[in-house]
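Asks: This is the structure I want to talk about, given as structure tokens.
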Amino acid sequence: MTMKQLSLLFGCLFVLATAGAFAADNAGGKSDLSATTTESYQIRNKQFGDLLRPEGANGADGTRIVLYPAEPWKCMTWKLHPAGESVFHVQNHFTSKTFIVKVDYGDKNVIQTPFAHEAGERPAWSFSKLPDGSYRISDAKSGEALTAVGGDGQSVRVVVVPWQDKDGQKWQLEKIDPAKLTM
């Protein structure tokens, strides 16, 4: 083998090893997430039990991302586009948009924004599997965690704050076949 062929072989082995390590969860089993395939999920908050979606299923830029009781709807379903190891670009099935952090009067609200054509221009979110099987979803730039806050008669808002290991910051991913969505 030439040096070039040997380098190529080692490069391929490294990629395979990295993908295999990504696929394993904390218990050594297979993870729900693929490092190479775009798949669809509903994202459920552990504390409130509701799903992530644009408020009112509104397609407008700047629409807040909120929680809503579960339905098999496109507005509650998200495509996870691989963007690195445990990092994804998140795209809503109904609006075809993503979400970003917007600082507003000190609050770091999560709002809807267009899903850019160029991958480098899209917001990236890190998905870290936790020992209980849920995920911490963090803004890849700031490291702050997607968090549901409110309740007790108030509407539940989705913001980002530093990780505190609370149920409002833990998310369950439920894989779903987009063909089975009703609207």
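By order in the structure tokens, chains are A, B, ...; within a chain, residues start at 1; ligands start at 1, following the order shown.
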Pick out the residues sitting within 7 Å of A:Ala124, and hand them over as an NGL selection string; count only C-alpha atoms, and ignore anything fewer than 2 positions along from it in its own chain.

Replies: :A and (87-89 or 122 or 126 or 139-140)

Asks: Which residues in stretch 14-148 of chain A does DSSP call alpha helix (DSSP H)? List them as a PyMOL selection string.

Replies: chain A and resi 14-23

Asks: Within 10 Å of A:Thr95, counting only C-alpha atoms, which residues show up once you throw out same-chain ones fewer than 3 positions away? Write them as a compact mmCIF listing (two decimals) with N, CA and C atoms, in the first residue's frame, please.

Replies:
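Once written, out16.txt looks like this:
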# COMPACT_ATOMS: atom_id res chain seq x y z
N ARG A 53 -43.37 23.63 19.89
CA ARG A 53 -43.95 24.05 18.62
C ARG A 53 -43.96 25.57 18.53
N PRO A 54 -44.09 26.14 17.32
CA PRO A 54 -44.28 27.59 17.20
C PRO A 54 -45.64 27.96 17.79
N ALA A 57 -49.05 27.68 15.95
CA ALA A 57 -48.65 27.09 14.66
C ALA A 57 -48.44 28.19 13.63
N ASN A 58 -47.99 29.34 14.10
CA ASN A 58 -47.79 30.51 13.25
C ASN A 58 -46.48 30.39 12.49
N GLY A 59 -46.49 30.68 11.21
CA GLY A 59 -45.29 30.59 10.39
C GLY A 59 -44.47 31.86 10.33
N ALA A 60 -44.89 32.91 11.03
CA ALA A 60 -44.20 34.20 10.96
C ALA A 60 -42.84 34.17 11.68
N ASP A 61 -41.88 34.88 11.11
CA ASP A 61 -40.59 35.04 11.78
C ASP A 61 -40.83 35.76 13.10
N LYS A 74 -47.82 18.39 12.16
CA LYS A 74 -46.53 18.81 11.59
C LYS A 74 -45.90 19.93 12.40
N CYS A 75 -46.72 20.83 12.95
CA CYS A 75 -46.17 21.97 13.69
C CYS A 75 -45.49 21.53 14.99
N TRP A 78 -40.23 17.97 14.35
CA TRP A 78 -38.98 18.64 13.95
C TRP A 78 -38.05 17.67 13.26
N GLN A 91 -35.43 21.79 12.23
CA GLN A 91 -36.35 22.40 11.27
C GLN A 91 -37.77 21.89 11.49
N ASN A 92 -38.72 22.80 11.60
CA ASN A 92 -40.12 22.44 11.83
C ASN A 92 -40.75 21.91 10.54
N THR A 98 -36.66 27.24 11.63
CA THR A 98 -35.91 26.77 12.78
C THR A 98 -36.12 27.76 13.92
N GLN A 112 -38.89 31.69 16.37
CA GLN A 112 -38.78 31.09 15.04
C GLN A 112 -38.06 32.03 14.06
N THR A 113 -37.25 31.43 13.20
CA THR A 113 -36.52 32.19 12.19
C THR A 113 -36.39 31.31 10.94
N PRO A 114 -36.14 31.91 9.77
CA PRO A 114 -35.98 31.10 8.56
C PRO A 114 -34.85 30.07 8.68
N PHE A 115 -35.03 28.96 8.01
CA PHE A 115 -34.02 27.90 7.92
C PHE A 115 -33.15 28.24 6.71

Asks: Excluding A:Asp107 and any residue of its chain fewer than 4 positions from it, enumerate the residues within 12 Å of it, using only C-alpha atoms, and give them as a list in words.

Replies: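 Contacts, with the query itself left out: Val101, Lys102, Val103, Ile111, Thr147, Val149, Arg157, Val158, Val159, Val160 and Val161 of chain A.
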
Asks: Atom CA of A:Gln172 and atom CA of A:Asn45, how far apart in Å?

Replies: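 Spanning atom CA of A:Asn45 to atom CA of A:Gln172 is a straight-line distance of 6.4 Å.
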
Asks: Any chance you could list, as a PyMOL selection string, the residues in stretch 10-183 of chain A that come up strand (DSSP E) when DSSP is run on the backbone?

Replies: chain A and resi 39-45+51-54+65-68+78-84+87-92+97-104+107-114+125-129+135-139+145-149+157-161+170-175
